[in-house]
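Everything on this sheet refers to the single structure shown next.
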Amino acid sequence: MEKKKLELRAVKNLVFPYTPMLVGVNVDDKPNFITIGLIGWLCYDMMSISVGHEQYSRTGLEQNRTFSINQPTAGQVKEVDFCGMTSGRTGEKATLFETFYGELKTAPMIQECPVNVECRVVQTLVRPVHTVYVGEVVAVYANEEFTQDRVPDVTRIQPFFYAPDPSRGKQVHSYWALDERIGQAFEIGKDLKRG
Ligand SMILES: Cc1cc2nc3c(=O)[nH]c(=O)nc-3n(C[C@H](O)[C@H](O)[C@H](O)COP(=O)(O)O)c2cc1C
């Protein structure tokens with residue numbers, strides 16, 4: 001099998017379950033939502049978001065140092081795409097949703113999203129295109145109908161991911177559903193145990 005070395009920017013096109021989330025930020029005391037694919041789950045109590053320097057949401061992040069991560073379901077793919085194409089600087093996005101606030105008071109969250117995470121910024125990393133905001137998780141909320149025994153249920157949440165779609169064109173990306181269970185974690189690998 002021959003390996004090809006790709007250019008560094010190919011990392012943008014990783015086929016990597018890159019699940020876009022709706023990130024909530026208050027800008028000038030008003031809620032705004034931005035679609036973010038560059039989300040990191042760093043450890044159990046920290047998450048990161050990478051926000052382009054030109055984004056309107058960045059103003060709010062600098063004002064309040066708080067944000068929310070709202071996990072959409074496949075049924076909200078249009079809202080995710082819209083919030084990823086429209087800037088709060090010129091268009092209204094928050095009225096698409098019913099919003100609520102939690103402990104931080106300045107991180108707007110989306111009622112209709114199955115899971116919401118409130119974060120307080122504890123560190124930033126300025127890179128050429130993005131600023132990476134590292135947030136400490138302050139609270140997590142879930143809608144009961146998307147959980148089983150208080151555990152978020154993937155079959156009800158129906159998460160989706162964003163990935164290149166080269167059969168439709170070199171620059172085309174699409175949203176893909178994740179809907180097949182292929183094995184139980186910490187179990188299926190036991191089949192490879194030897195001796
Ligand atoms: C699937 C998808 C993923 C995106 N990921 C990011 C991202 O990780 N970081 C970012 O700054 N913008 C990302 N964007 C673009 C922003 O969502 C978009 O520029 C948005 O209009 C900015 O909103 P704002 O100006 O109200 O902050 C993404 C867009 C889409 C559709």
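To be explicit about the labels: the chains of the structure tokens are called A, B, and onward in the order shown, and within each one the residues are counted from 1, while ligands get numbers from 1 in the order they are shown.
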(request) Please check which protein, DNA or RNA residues sit within 10 Å of ligand 1, counting only C-alpha atoms and all ligand atoms, and write them as a PyMOL selection string. (result) chain A and resi 18-25+27+31-40+49-61+77-94+129-132+161-163+173-175
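For the atom pair formed by atom CA of Trp176 of chain A and atom CA of Pro108 of chain A, the distance is 26.8 Å, given to one decimal.
Using only C-alpha atoms for every distance, the candidate list A:Thr155, A:Ser68, A:Thr95, A:Thr124 yields A:Ser68 as the residue closest to Tyr141 of chain A.
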Would you mind listing what lies within 10 Å of Phe100 of chain A as a PDB file with N, CA, C and O atoms, in the first residue's frame, with only C-alpha atoms counted and same-chain residues fewer than 6 positions away left out?
ATOM      1  N   PRO A  31     -27.822  37.538  22.777  1.00  0.00           N
ATOM      2  CA  PRO A  31     -27.322  36.210  22.393  1.00  0.00           C
ATOM      3  C   PRO A  31     -26.987  36.105  20.908  1.00  0.00           C
ATOM      4  O   PRO A  31     -27.693  36.680  20.060  1.00  0.00           O
ATOM      5  N   THR A 106     -24.112  34.747  31.213  1.00  0.00           N
ATOM      6  CA  THR A 106     -23.748  35.413  29.952  1.00  0.00           C
ATOM      7  C   THR A 106     -23.440  34.419  28.841  1.00  0.00           C
ATOM      8  O   THR A 106     -22.895  34.803  27.807  1.00  0.00           O
ATOM      9  N   ALA A 107     -23.774  33.134  29.046  1.00  0.00           N
ATOM     10  CA  ALA A 107     -23.533  32.131  28.005  1.00  0.00           C
ATOM     11  C   ALA A 107     -24.898  31.618  27.548  1.00  0.00           C
ATOM     12  O   ALA A 107     -25.467  30.717  28.175  1.00  0.00           O
ATOM     13  N   PRO A 108     -25.452  32.182  26.478  1.00  0.00           N
ATOM     14  CA  PRO A 108     -26.801  31.774  26.059  1.00  0.00           C
ATOM     15  C   PRO A 108     -26.805  30.329  25.567  1.00  0.00           C
ATOM     16  O   PRO A 108     -25.860  29.889  24.904  1.00  0.00           O
ATOM     17  N   MET A 109     -27.866  29.605  25.905  1.00  0.00           N
ATOM     18  CA  MET A 109     -27.973  28.203  25.484  1.00  0.00           C
ATOM     19  C   MET A 109     -29.282  27.986  24.736  1.00  0.00           C
ATOM     20  O   MET A 109     -30.212  28.795  24.845  1.00  0.00           O
ATOM     21  N   ILE A 110     -29.324  26.883  23.987  1.00  0.00           N
ATOM     22  CA  ILE A 110     -30.469  26.596  23.108  1.00  0.00           C
ATOM     23  C   ILE A 110     -31.317  25.493  23.741  1.00  0.00           C
ATOM     24  O   ILE A 110     -30.859  24.363  23.921  1.00  0.00           O
ATOM     25  N   GLN A 111     -32.535  25.864  24.058  1.00  0.00           N
ATOM     26  CA  GLN A 111     -33.480  24.932  24.686  1.00  0.00           C
ATOM     27  C   GLN A 111     -33.667  23.661  23.848  1.00  0.00           C
ATOM     28  O   GLN A 111     -33.676  22.558  24.371  1.00  0.00           O
TER      29      GLN A 111
END
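Of the listed residues (A:Gly135, A:Pro152, A:Pro166, A:Gly102), A:Gly135 comes nearest to Thr66 of chain A; the distances count only C-alpha atoms.
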(request) Name the residues of segment 34-190 of chain A that fall into strand (DSSP E) according to DSSP on the backbone, using the chain letters and numbers of this document, as a ChimeraX atom specification. (result) /A:34-36,39-43,46-52,66-71,99-100,109-110,115-126,130-142,147-148,151-152,160-164,173-177
(message) Quick check for you: according to DSSP on this backbone, which residues of segment 83-128 of chain A are classed as helix (DSSP H, G or I)? Reply as a VMD selection string.
(response) chain A and resid 83 94 to 96
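Across the structure, atom CA of Val115 of chain A and atom CA of Asp28 of chain A are spaced 25.1 Å apart.
Closest to Arg65 of chain A among A:Phe97, A:Tyr44, A:Phe146, A:Tyr133 is A:Tyr133, based on only C-alpha atoms.
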